[in-house]
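What follows is a short report on a single structure.
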Amino acid sequence: MDAVTVPAASGQLPATFASPEDVAAALGRTGYLADDALATVTFLAIRLGRPILLEGEPGTGKTALAEALAQALDLELIRLQCYEGIDATQALYDWDFPRQILHLRAVEALSRQERRDPLELETELFDERFLLARPVLRALRESPCVLLIDEIDRADDEFEAFLLEVLSTWQVTVPEVGTITAGTPPIVVLTSNRTRELHDALKRRCLYHWIDHPGLARELEIVRTRLPDVPPVLAGEVVGVIQRLRSEGGLIKPPGVAETLDWARALVALGAAALDPEVAAASLGSAVKYREDAERVRAMLDRLLTR
């Protein structure tokens, strides 16, 4: 069949941000506290129509930025979770084979007395109503939206190469339907935990930012903003212990901000108003995820809590 360009049913991106300060303020209203550098790269990505590539340790707020952006701009968040072995089919589209078979049987039942043109029947079977749009195709068709491509470092080189074309042209071709182009490019956030190095070609198409663990003051502000019910003394003690675990704990997997918030929630659920060795040890599974790390932390809890 001849290729036919099918424009995406996209509206215009709503009024966004006038400055990086506007970005930080809008994200802050959702509970996400961005520093100046992250607010600036986010502002530039939206203004220039470029994807953002965020790298950093797990739990530092990479995925949460996409969620906060979608909330701040009142846009749909479409998420593509990458994994080993993912291919273009999982990202783009598939055909609804059960519905196609049902349609074929219905046509056969209704037209036993007449001869159908095979090419006409084939065209019906590959109509858009049988097309199952996966995240990337959905984002192109439904933009403006926020497309989160999470943990791209888990995918392989071939999948990266596929993304290069999409991020360059904002279009994909479905052979049976035609070329689908985003009228308004989606806001794209890619995240990576750096389990492997991404190719330079992908990085060149993105604005890059490394998200590090926050300092004590910013992390305490995050806890107070996200969890206002946590007693101030408890919040300060939790953040102080987490900061020391990262800097001197020698852990296999130091806790991220996500673990800080989880630990604070767990302590509140236990009715703790302050951090003592007994309640800290009992709730440690909220913050530390390796047996070796848990044993190491339990052995040093008294010292951590008396500093």
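Each chain of the structure tokens is named A, B, ... in the order shown, its residues numbered from 1; ligands are numbered from 1 in display order.
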
(message) Applying 10 Å and only C-alpha atoms, which residues near region 290-296 of chain A remain after dropping the ones on its own chain fewer than 2 positions away? List them as number ranges by chain.
(response) A: 245, 249-254, 281, 284-285, 287-288, 298-301

(request) Write out as a PyMOL selection string all residues of region 56-294 of chain A that DSSP puts in alpha helix (DSSP H) for this structure's backbone. (result) chain A and resi 62-73+88-91+97-110+118-125+135-142+157-169+200-204+216-226+232-248+257-269+277-282+291-294

(request) Give the answer as one residue: which of A:Arg244, A:Arg205, A:Arg141, A:Arg105 has the shortest atom-to-atom distance to Val189 (chain A), using only C-alpha atoms? (result)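 Answer, going by the shortest atom-to-atom distance: A:Arg205.
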
(message) Considering only C-alpha atoms, can you say which of A:Val239, A:Leu140, A:Leu73, A:Val166 comes closest to Thr181 (chain A)?
(response)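 That would be A:Leu140, the residue with the smallest distance to Thr181 (chain A).
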
(message) At a cut-off of 12 Å, using only C-alpha atoms, what residues contact Glu21 (chain A)? Leave out same-chain residues fewer than 3 positions from it and give the result as a ChimeraX atom specification.
(response) /A:16-18,24-28,33-44

I need the chosen residues saved as a short mmCIF file (atom, residue, chain, number, x, y, z; two decimals), in the first residue's frame, with all heavy atoms.
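Below you can see selection_19.cif, which holds the result:
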```cif
data_model
loop_
_atom_site.label_atom_id
_atom_site.label_comp_id
_atom_site.auth_asym_id
_atom_site.auth_seq_id
_atom_site.Cartn_x
_atom_site.Cartn_y
_atom_site.Cartn_z
N THR A 16 4.03 27.75 28.81
CA THR A 16 4.87 27.02 29.76
C THR A 16 5.53 27.97 30.74
O THR A 16 4.90 28.48 31.64
CB THR A 16 5.89 26.18 29.00
OG1 THR A 16 6.60 27.00 28.06
CG2 THR A 16 5.21 25.05 28.25
N PHE A 17 6.81 28.23 30.54
CA PHE A 17 7.58 28.97 31.53
C PHE A 17 8.34 30.11 30.87
O PHE A 17 8.85 29.97 29.76
CB PHE A 17 8.57 28.03 32.24
CG PHE A 17 7.93 26.79 32.79
CD1 PHE A 17 8.20 25.55 32.23
CD2 PHE A 17 7.05 26.85 33.87
CE1 PHE A 17 7.61 24.39 32.73
CE2 PHE A 17 6.46 25.70 34.38
CZ PHE A 17 6.75 24.47 33.81
N ALA A 18 8.41 31.22 31.57
CA ALA A 18 9.13 32.38 31.05
C ALA A 18 10.60 32.36 31.44
O ALA A 18 11.41 33.06 30.84
CB ALA A 18 8.48 33.67 31.55
N ALA A 24 11.23 26.31 38.44
CA ALA A 24 11.43 25.90 39.83
C ALA A 24 10.19 26.15 40.68
O ALA A 24 9.80 25.30 41.50
CB ALA A 24 12.64 26.64 40.42
N ALA A 25 9.53 27.28 40.45
CA ALA A 25 8.33 27.60 41.23
C ALA A 25 7.19 26.64 40.90
O ALA A 25 6.49 26.16 41.81
CB ALA A 25 7.91 29.04 40.96
N ALA A 26 7.00 26.34 39.61
CA ALA A 26 5.92 25.44 39.21
C ALA A 26 6.16 24.03 39.73
O ALA A 26 5.24 23.36 40.22
CB ALA A 26 5.77 25.43 37.69
N LEU A 27 7.40 23.56 39.63
CA LEU A 27 7.72 22.23 40.16
C LEU A 27 7.56 22.20 41.68
O LEU A 27 7.10 21.21 42.24
CB LEU A 27 9.14 21.83 39.76
CG LEU A 27 9.40 21.60 38.27
CD1 LEU A 27 10.87 21.30 38.02
CD2 LEU A 27 8.54 20.45 37.74
N GLY A 28 7.95 23.30 42.31
CA GLY A 28 7.83 23.38 43.77
C GLY A 28 6.39 23.25 44.23
O GLY A 28 6.12 22.67 45.28
N LEU A 33 11.34 19.80 44.44
CA LEU A 33 12.26 20.92 44.62
C LEU A 33 13.45 20.76 43.70
O LEU A 33 14.30 19.88 43.91
CB LEU A 33 12.71 21.00 46.09
CG LEU A 33 11.58 21.14 47.12
CD1 LEU A 33 12.16 21.28 48.52
CD2 LEU A 33 10.68 22.33 46.79
N ALA A 34 13.53 21.60 42.69
CA ALA A 34 14.63 21.56 41.73
C ALA A 34 15.64 22.66 42.04
O ALA A 34 15.25 23.80 42.32
CB ALA A 34 14.09 21.74 40.31
N ASP A 35 16.92 22.32 41.96
CA ASP A 35 17.94 23.35 42.15
C ASP A 35 18.05 24.19 40.87
O ASP A 35 17.39 23.93 39.86
CB ASP A 35 19.28 22.75 42.56
CG ASP A 35 19.84 21.78 41.53
OD1 ASP A 35 19.44 21.85 40.35
OD2 ASP A 35 20.68 20.93 41.91
N ASP A 36 18.90 25.21 40.91
CA ASP A 36 18.99 26.15 39.79
C ASP A 36 19.42 25.46 38.50
O ASP A 36 18.88 25.74 37.42
CB ASP A 36 19.99 27.27 40.12
CG ASP A 36 19.48 28.18 41.23
OD1 ASP A 36 18.25 28.16 41.50
OD2 ASP A 36 20.29 28.92 41.84
N ALA A 37 20.39 24.54 38.60
CA ALA A 37 20.90 23.88 37.40
C ALA A 37 19.83 23.01 36.75
O ALA A 37 19.65 23.03 35.52
CB ALA A 37 22.12 23.04 37.75
N LEU A 38 19.10 22.26 37.54
CA LEU A 38 18.05 21.39 36.98
C LEU A 38 16.90 22.22 36.42
O LEU A 38 16.35 21.91 35.35
CB LEU A 38 17.55 20.43 38.05
CG LEU A 38 16.46 19.45 37.61
CD1 LEU A 38 16.91 18.61 36.42
CD2 LEU A 38 16.04 18.54 38.77
N ALA A 39 16.52 23.29 37.11
CA ALA A 39 15.46 24.16 36.60
C ALA A 39 15.87 24.79 35.27
O ALA A 39 15.05 24.92 34.35
CB ALA A 39 15.13 25.24 37.63
N THR A 40 17.14 25.14 35.14
CA THR A 40 17.62 25.77 33.90
C THR A 40 17.60 24.80 32.74
O THR A 40 17.14 25.13 31.64
CB THR A 40 19.04 26.32 34.11
OG1 THR A 40 19.02 27.32 35.13
CG2 THR A 40 19.56 26.95 32.83
N VAL A 41 18.11 23.58 32.95
CA VAL A 41 18.14 22.61 31.84
C VAL A 41 16.72 22.19 31.46
O VAL A 41 16.43 21.97 30.28
CB VAL A 41 19.01 21.38 32.21
CG1 VAL A 41 18.29 20.43 33.16
CG2 VAL A 41 19.44 20.65 30.95
N THR A 42 15.81 22.15 32.41
CA THR A 42 14.41 21.83 32.10
C THR A 42 13.78 22.95 31.28
O THR A 42 13.08 22.70 30.29
CB THR A 42 13.62 21.61 33.39
OG1 THR A 42 14.22 20.55 34.15
CG2 THR A 42 12.17 21.25 33.10
N PHE A 43 14.03 24.19 31.68
CA PHE A 43 13.52 25.34 30.93
C PHE A 43 14.04 25.32 29.49
O PHE A 43 13.27 25.51 28.54
CB PHE A 43 13.95 26.63 31.63
CG PHE A 43 13.72 27.87 30.81
CD1 PHE A 43 12.44 28.40 30.67
CD2 PHE A 43 14.77 28.50 30.17
CE1 PHE A 43 12.23 29.55 29.91
CE2 PHE A 43 14.57 29.64 29.41
CZ PHE A 43 13.29 30.17 29.27
N LEU A 44 15.33 25.08 29.32
CA LEU A 44 15.92 25.09 27.98
C LEU A 44 15.39 23.94 27.13
O LEU A 44 15.14 24.11 25.93
CB LEU A 44 17.45 24.99 28.09
CG LEU A 44 18.15 26.23 28.64
CD1 LEU A 44 19.63 25.95 28.85
CD2 LEU A 44 17.95 27.43 27.72
#
```

(request) Would you kindly return, as a PyMOL selection string, each protein, DNA or RNA residue with an atom no farther than 9 Å from any atom of region 264-267 of chain A, considering only C-alpha atoms and excluding same-chain residues fewer than 3 positions away? (result) chain A and resi 223+227+230+234-235+238-239+259-261+270-275+279-280+283+286

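Nearest-residue note for Asp156 (chain A): choosing from A:Leu220, A:Ile52, A:Ile242, A:Ile86, the minimum distance belongs to A:Ile86, counting only C-alpha atoms.
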
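Secondary structure of region 158-195 of chain A, strand (DSSP E) only (DSSP, backbone atoms): Gln171, Val172, Thr173, Val174, Gly178, Thr179, Ile180, Thr181, Ile187, Val188, Val189, Leu190, Thr191 and Ser192 of chain A.
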
Export, as a tab-separated table (two decimals), in the first residue's frame, the selected residues with N, CA and C atoms.
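Written out: again_25.tsv:
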```
chain	number	residue	atom	x	y	z
A	171	GLN	N	8.56	11.41	14.25
A	171	GLN	CA	7.61	10.69	13.42
A	171	GLN	C	8.01	9.22	13.33
A	172	VAL	N	7.03	8.38	13.07
A	172	VAL	CA	7.27	6.96	12.83
A	172	VAL	C	6.38	6.53	11.68
A	173	THR	N	6.79	5.47	11.00
A	173	THR	CA	6.01	4.95	9.89
A	173	THR	C	5.45	3.59	10.25
A	174	VAL	N	4.13	3.49	10.13
A	174	VAL	CA	3.44	2.20	10.26
A	174	VAL	C	3.14	1.75	8.84
A	178	GLY	N	0.67	4.40	7.40
A	178	GLY	CA	1.34	5.58	6.88
A	178	GLY	C	2.28	6.16	7.90
A	179	THR	N	2.70	7.39	7.66
A	179	THR	CA	3.64	8.07	8.55
A	179	THR	C	2.87	8.93	9.54
A	180	ILE	N	3.16	8.72	10.81
A	180	ILE	CA	2.48	9.46	11.88
A	180	ILE	C	3.47	10.46	12.46
A	181	THR	N	3.12	11.72	12.37
A	181	THR	CA	4.01	12.80	12.79
A	181	THR	C	3.37	13.59	13.91
A	187	ILE	N	7.19	16.62	25.31
A	187	ILE	CA	8.31	16.89	26.22
A	187	ILE	C	8.86	15.54	26.64
A	188	VAL	N	10.12	15.27	26.31
A	188	VAL	CA	10.69	13.94	26.52
A	188	VAL	C	11.73	13.99	27.63
A	189	VAL	N	11.58	13.10	28.61
A	189	VAL	CA	12.55	12.94	29.68
A	189	VAL	C	13.08	11.52	29.63
A	190	LEU	N	14.38	11.36	29.41
A	190	LEU	CA	15.02	10.05	29.47
A	190	LEU	C	15.80	9.95	30.76
A	191	THR	N	15.74	8.81	31.43
A	191	THR	CA	16.51	8.62	32.65
A	191	THR	C	17.46	7.45	32.50
A	192	SER	N	18.57	7.52	33.21
A	192	SER	CA	19.57	6.46	33.18
A	192	SER	C	20.24	6.37	34.54
```

(message) What does the structure give for the distance between CA of Ala133 (chain A) and CA of Thr89 (chain A), in Å to one decimal?
(response)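 So the answer is 9.6 Å.
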
(request) Have a look at A:Glu248, A:Glu197, A:Asp262, A:Glu237 and name the one nearest to Asp276 (chain A); count only C-alpha atoms. (result) A:Glu237

(request) Would you mind listing what lies within 7 Å of region 55-68 of chain A as an MDAnalysis selection string, with only C-alpha atoms counted and same-chain residues fewer than 4 positions away left out? (result) chainID A and resid 27 30 32 72 77 146 148 150 189 191:194 209:213 256:259

(message) List as a ChimeraX atom specification the protein and nucleic acid residues near region 134-139 of chain A, meaning an atom at most 6 Å away when only C-alpha atoms are counted, but skip any in the same chain fewer than 6 places from it.
(response) /A:80,91-93

Write out, as a PDB file, in the first residue's frame, the residues just selected, with N, CA and C atoms.
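File selection_11.pdb, as written:
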```
ATOM      1  N   LEU A  80       7.373   4.922  29.205  1.00  0.00           N
ATOM      2  CA  LEU A  80       7.949   3.730  28.593  1.00  0.00           C
ATOM      3  C   LEU A  80       9.033   3.216  29.535  1.00  0.00           C
ATOM      4  N   ALA A  91       7.665  -0.447  22.083  1.00  0.00           N
ATOM      5  CA  ALA A  91       7.654   1.010  22.200  1.00  0.00           C
ATOM      6  C   ALA A  91       6.679   1.669  21.239  1.00  0.00           C
ATOM      7  N   LEU A  92       6.448   1.038  20.078  1.00  0.00           N
ATOM      8  CA  LEU A  92       5.671   1.691  19.026  1.00  0.00           C
ATOM      9  C   LEU A  92       4.233   1.198  18.925  1.00  0.00           C
ATOM     10  N   TYR A  93       4.058   0.010  18.401  1.00  0.00           N
ATOM     11  CA  TYR A  93       2.693  -0.453  18.155  1.00  0.00           C
ATOM     12  C   TYR A  93       2.677  -1.960  17.979  1.00  0.00           C
TER      13      TYR A  93
END
```

(request) Write out as a list in words each polymer residue whose atoms come within 7 Å of Pro185 (chain A), counting only C-alpha atoms; drop sequence neighbours fewer than 3 positions from it. (result)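 Result of the neighbour search: Ser143, Pro144, Trp170 and Ala182 of chain A.
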
Those same residues, written as a tab-separated table (two decimals), in the first residue's frame with N, CA and C atoms?
```
chain	number	residue	atom	x	y	z
A	143	SER	N	0.33	14.09	21.64
A	143	SER	CA	1.04	15.27	22.13
A	143	SER	C	0.19	16.52	21.88
A	144	PRO	N	0.26	17.53	22.78
A	144	PRO	CA	1.27	17.71	23.81
A	144	PRO	C	1.08	16.80	25.03
A	170	TRP	N	10.54	13.15	15.13
A	170	TRP	CA	9.23	13.15	15.78
A	170	TRP	C	8.17	12.50	14.90
A	182	ALA	N	4.16	13.93	14.91
A	182	ALA	CA	3.65	14.75	16.02
A	182	ALA	C	3.54	16.20	15.56
```
